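Colleague: To start, I am sharing the structure in question, which I have written as structure tokens.
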Amino acid sequence: MSGKTCLITGATAGIGLATAAALARQGATVIGVGRDAAKCAEVQARLRQAAGAPAVTYLTADLASLAEVRRLAGAFTATYPRLDVLVNNVGAFYMGRRLSADGIEMTWALNYLGVCLLTDLLLPALKTSAPALKTSAPARIVTISSDMHRSARLNFDDLQGARQFSGMKAYGQSKLAQVMWTYDLARRLAGTGVTANALHPGFVASDLYQTSFGNRKWLSALLKLIALSNEQGAATSVYLASSPEVEGVTGQYFAKKKAVRSSAASYDSAATARLMEITAGMVESGAVASR
């Protein structure tokens, strides 16, 4: 990965941090993104020392805010001339319904809408990077989804849970939207030298579960027994970001480093077209009344 620039969101903890560490060890220039400035500074220093990699930098942004997403993209492109790998790792699970600064339900804003906007804003950098490499290796977009998308359906009449909210349904719906968007993105990027894939990391003992359900000792103990470590959960992310085995592979859903079928709903072309139309409208408006 020497000479390649990788941007990883949600990279101060969990599988995002594990992905950043692994890519730094491979020699990549790593730019991590986190919400808390102090945490970003602490992780940046730790990774630079552990990986022996001075080319690790952290940027701060709240990716549930469309304005913050735009600011992050502007800061990145003003500093870095290329982007070879974008890892959309940021995500959260909310037990109760909350709204972002834009008036959008937080699960949808952070897990889906911010991911779409950031990727779109960074596409010029990704498209520029791919043919610039001597090997003509494609640039890569890797989005961490979840098998929780399999039980989800998009409720276009209540996408943001304004009428009836369930944290589990909101999370699954956001992950289904990620998979559908990834497939559509791959189709749109055909022939550009940029690939787009989504993945299921496995059941990981990440901070997501502990922050969602509270810092409970019994939960921590249970997760250690049944869940993957962050490093194990990051394995497929690192594989899709760096392995020559998947160079040029696009529009796929991966689990355990293998391409697998996603849910039937994720291949619904009519629903995907409607989702893309709604997504564009929400991003363009910048502030949306919850619906």
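Naming scheme: A, B, ... for chains in displayed order of the structure tokens; residues 1 onward per chain; ligands 1 onward as shown.
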Might you pull out every residue within 8 Å of Tyr183 (chain A), with only C-alpha atoms counted and same-chain residues fewer than 2 positions away left off, and present them as a list in words?
Modeller: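 Contacts, in chain order: Val179, Met180, Trp181, Leu185, Ala186, Arg187, Ala196, Asn197, Gly251 and Gln252 of chain A.
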Colleague: Could you go through region 65-270 of chain A and tell me which residues DSSP, when run on the backbone, assigns to strand (DSSP E or B), listing them as a list in words?
Modeller: Val85, Leu86, Val87, Asn88, Leu99, Glu105, Ala139, Arg140, Ile141, Val142, Thr143, Ile144, Val194, Thr195, Ala196, Asn197, Ala198, Leu199, His200, Val204, Leu228, Tyr253, Phe254, Ala255, Lys258, Ala259 and Val260 of chain A
Colleague: Go through A:Leu117, A:Val85, A:Ala41, A:Ala28 and flag the residue nearest Leu63 (chain A), using only C-alpha atoms for the distances.
Modeller: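 Between A:Leu117, A:Val85, A:Ala41, A:Ala28, the residue approaching Leu63 (chain A) most closely is A:Leu117.
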Colleague: Pick out the residues sitting within 12 Å of Ala259 (chain A), and hand them over as a PyMOL selection string; count only C-alpha atoms, and ignore anything fewer than 3 positions along from it in its own chain.
Modeller: chain A and resi 197-200+236+239-240+245-246+249-256+262
Colleague: Go ahead and save the residues from that selection, with C-alpha atoms, as an mmCIF file, in the first residue's frame.
Modeller:
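Written out: selection_37.cif:
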data_model
loop_
_atom_site.group_PDB
_atom_site.id
_atom_site.type_symbol
_atom_site.label_atom_id
_atom_site.label_comp_id
_atom_site.auth_asym_id
_atom_site.auth_seq_id
_atom_site.Cartn_x
_atom_site.Cartn_y
_atom_site.Cartn_z
ATOM 1 C CA ASN A 197 -18.224 -2.815 -2.685
ATOM 2 C CA ALA A 198 -20.064 -3.331 0.603
ATOM 3 C CA LEU A 199 -19.425 -5.853 3.335
ATOM 4 C CA HIS A 200 -20.625 -7.534 6.497
ATOM 5 C CA THR A 236 -12.742 -8.032 5.205
ATOM 6 C CA TYR A 239 -8.978 -7.198 2.283
ATOM 7 C CA LEU A 240 -11.250 -5.093 0.075
ATOM 8 C CA GLU A 245 -7.307 -10.540 -5.373
ATOM 9 C CA VAL A 246 -10.235 -8.093 -5.595
ATOM 10 C CA VAL A 249 -14.098 -6.365 -8.490
ATOM 11 C CA THR A 250 -17.081 -4.068 -8.051
ATOM 12 C CA GLY A 251 -20.765 -4.031 -7.137
ATOM 13 C CA GLN A 252 -20.483 -6.952 -4.702
ATOM 14 C CA TYR A 253 -21.409 -7.708 -1.102
ATOM 15 C CA PHE A 254 -18.727 -9.509 0.909
ATOM 16 C CA ALA A 255 -18.599 -11.555 4.104
ATOM 17 C CA LYS A 256 -15.520 -13.372 5.398
ATOM 18 C CA SER A 262 -27.232 -9.929 -0.265
#
Colleague: Within 9 Å of region 137-158 of chain A, which residues of region 70-96 of chain A show up? Give each one with its shortest atom-to-atom distance in Å (one decimal) and the two atoms involved, counting only C-alpha atoms, rows by chain then rising residue number, as a Markdown table.
Modeller:
| residue | atom | partner | partner_atom | distance |
| --- | --- | --- | --- | --- |
| A:Leu83 | CA | A:Ala139 | CA | 7.4 |
| A:Asp84 | CA | A:Ala139 | CA | 4.6 |
| A:Val85 | CA | A:Arg140 | CA | 4.8 |
| A:Leu86 | CA | A:Ile141 | CA | 4.9 |
| A:Val87 | CA | A:Val142 | CA | 4.7 |
| A:Asn88 | CA | A:Thr143 | CA | 4.6 |
| A:Asn89 | CA | A:Ile144 | CA | 5.2 |
| A:Val90 | CA | A:Ile144 | CA | 8.0 |
| A:Gly91 | CA | A:Ile144 | CA | 8.5 |
Colleague: Could you please take those selected residues and save N, CA and C atoms as a PDB file, in the first residue's frame?
Modeller:
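Writing the result to again37.pdb gives the following:
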ATOM      1  N   LEU A  83      -6.755  10.222  -3.759  1.00  0.00           N
ATOM      2  CA  LEU A  83      -7.414   9.309  -2.834  1.00  0.00           C
ATOM      3  C   LEU A  83      -7.547   7.968  -3.526  1.00  0.00           C
ATOM      4  N   ASP A  84      -6.890   6.970  -2.967  1.00  0.00           N
ATOM      5  CA  ASP A  84      -6.906   5.634  -3.563  1.00  0.00           C
ATOM      6  C   ASP A  84      -7.959   4.723  -2.940  1.00  0.00           C
ATOM      7  N   VAL A  85      -8.218   4.914  -1.647  1.00  0.00           N
ATOM      8  CA  VAL A  85      -9.180   4.060  -0.946  1.00  0.00           C
ATOM      9  C   VAL A  85     -10.021   4.909   0.008  1.00  0.00           C
ATOM     10  N   LEU A  86     -11.325   4.796  -0.115  1.00  0.00           N
ATOM     11  CA  LEU A  86     -12.258   5.403   0.839  1.00  0.00           C
ATOM     12  C   LEU A  86     -12.969   4.274   1.566  1.00  0.00           C
ATOM     13  N   VAL A  87     -12.817   4.233   2.882  1.00  0.00           N
ATOM     14  CA  VAL A  87     -13.493   3.232   3.698  1.00  0.00           C
ATOM     15  C   VAL A  87     -14.585   3.933   4.496  1.00  0.00           C
ATOM     16  N   ASN A  88     -15.827   3.696   4.107  1.00  0.00           N
ATOM     17  CA  ASN A  88     -16.981   4.260   4.800  1.00  0.00           C
ATOM     18  C   ASN A  88     -17.342   3.354   5.968  1.00  0.00           C
ATOM     19  N   ASN A  89     -16.713   3.611   7.099  1.00  0.00           N
ATOM     20  CA  ASN A  89     -16.888   2.748   8.259  1.00  0.00           C
ATOM     21  C   ASN A  89     -17.808   3.337   9.319  1.00  0.00           C
ATOM     22  N   VAL A  90     -17.948   4.659   9.336  1.00  0.00           N
ATOM     23  CA  VAL A  90     -18.701   5.304  10.411  1.00  0.00           C
ATOM     24  C   VAL A  90     -20.134   4.764  10.486  1.00  0.00           C
ATOM     25  N   GLY A  91     -20.624   4.602  11.698  1.00  0.00           N
ATOM     26  CA  GLY A  91     -21.983   4.111  11.873  1.00  0.00           C
ATOM     27  C   GLY A  91     -22.360   4.093  13.334  1.00  0.00           C
TER      28      GLY A  91
END
Colleague: Which of these residues is nearest to Ala11 (chain A), using only C-alpha atoms: A:Ile31, A:Val69, A:Ala64, A:Ala227?
Modeller: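 Answer, going by the shortest atom-to-atom distance: A:Ile31.
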Colleague: Report as a list in words all protein, DNA and RNA residues lying within 9 Å of Thr29 (chain A), evaluated on only C-alpha atoms, omitting residues in the same chain fewer than 5 positions from it.
Modeller: Met1, Ser2, Gly3, Lys4, Thr5, Cys6, Leu7, Leu23, Ala24, Ala53, Pro54, Ala55, Val56 and Thr57 of chain A
Colleague: Taking C-alpha atoms for each residue, export the selection above as a PDB file, in the first residue's frame.
Modeller:
ATOM      1  CA  MET A   1       0.000   0.000   0.000  1.00  0.00           C
ATOM      2  CA  SER A   2       3.037   2.257  -0.157  1.00  0.00           C
ATOM      3  CA  GLY A   3       2.229   5.414  -2.087  1.00  0.00           C
ATOM      4  CA  LYS A   4      -1.522   5.006  -1.626  1.00  0.00           C
ATOM      5  CA  THR A   5      -3.767   7.361   0.325  1.00  0.00           C
ATOM      6  CA  CYS A   6      -6.619   5.918   2.366  1.00  0.00           C
ATOM      7  CA  LEU A   7      -9.416   7.832   4.108  1.00  0.00           C
ATOM      8  CA  LEU A  23      -3.390  -0.157   6.371  1.00  0.00           C
ATOM      9  CA  ALA A  24      -0.778   2.015   8.113  1.00  0.00           C
ATOM     10  CA  ALA A  53       4.200   5.431  10.425  1.00  0.00           C
ATOM     11  CA  PRO A  54       4.376   9.226  10.478  1.00  0.00           C
ATOM     12  CA  ALA A  55       1.967   9.249   7.532  1.00  0.00           C
ATOM     13  CA  VAL A  56      -1.066   8.884   9.807  1.00  0.00           C
ATOM     14  CA  THR A  57      -3.270  11.932  10.231  1.00  0.00           C
TER      15      THR A  57
END
Colleague: So, counting only C-alpha atoms, which residue among A:Leu123, A:Leu118, A:Ala13, A:Ala67 is closest to Gln44 (chain A)?
Modeller: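 Ranking A:Leu123, A:Leu118, A:Ala13, A:Ala67 by distance to Gln44 (chain A), first place goes to A:Ala13.
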Colleague: Of the candidates A:Val43, A:Ala92, A:Val283, A:Ile8, which shows the shortest atom-to-atom distance to Val30 (chain A), using only C-alpha atoms?
Modeller: A:Ile8
Colleague: Which residues are close to Ile15 (chain A), i.e. within 8 Å by only C-alpha atoms, leaving aside same-chain residues fewer than 2 positions away? Reply as a PDB file with C-alpha atoms, in the first residue's frame.
Modeller:
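What ended up in out34.pdb:
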ATOM      1  CA  ALA A  11     -11.541   5.450  12.749  1.00  0.00           C
ATOM      2  CA  ALA A  13     -12.333   2.940  17.766  1.00  0.00           C
ATOM      3  CA  LEU A  17      -9.361   1.917  14.111  1.00  0.00           C
ATOM      4  CA  ALA A  18      -8.277  -1.652  13.390  1.00  0.00           C
ATOM      5  CA  THR A  19      -8.583  -0.976   9.649  1.00  0.00           C
ATOM      6  CA  ASN A  89     -16.888   2.748   8.259  1.00  0.00           C
ATOM      7  CA  SER A 206     -17.130  -3.026  18.980  1.00  0.00           C
ATOM      8  CA  ASN A 230     -12.053  -5.628  16.193  1.00  0.00           C
ATOM      9  CA  GLU A 231      -9.073  -6.946  14.246  1.00  0.00           C
ATOM     10  CA  GLY A 233     -13.991  -7.783  12.178  1.00  0.00           C
ATOM     11  CA  ALA A 234     -11.730  -5.497  10.153  1.00  0.00           C
TER      12      ALA A 234
END
Colleague: Separation of CA of Arg82 (chain A) and CA of Pro201 (chain A), in Å?
Modeller: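 About the pair CA of Arg82 (chain A) and CA of Pro201 (chain A): they are 26.8 Å apart.
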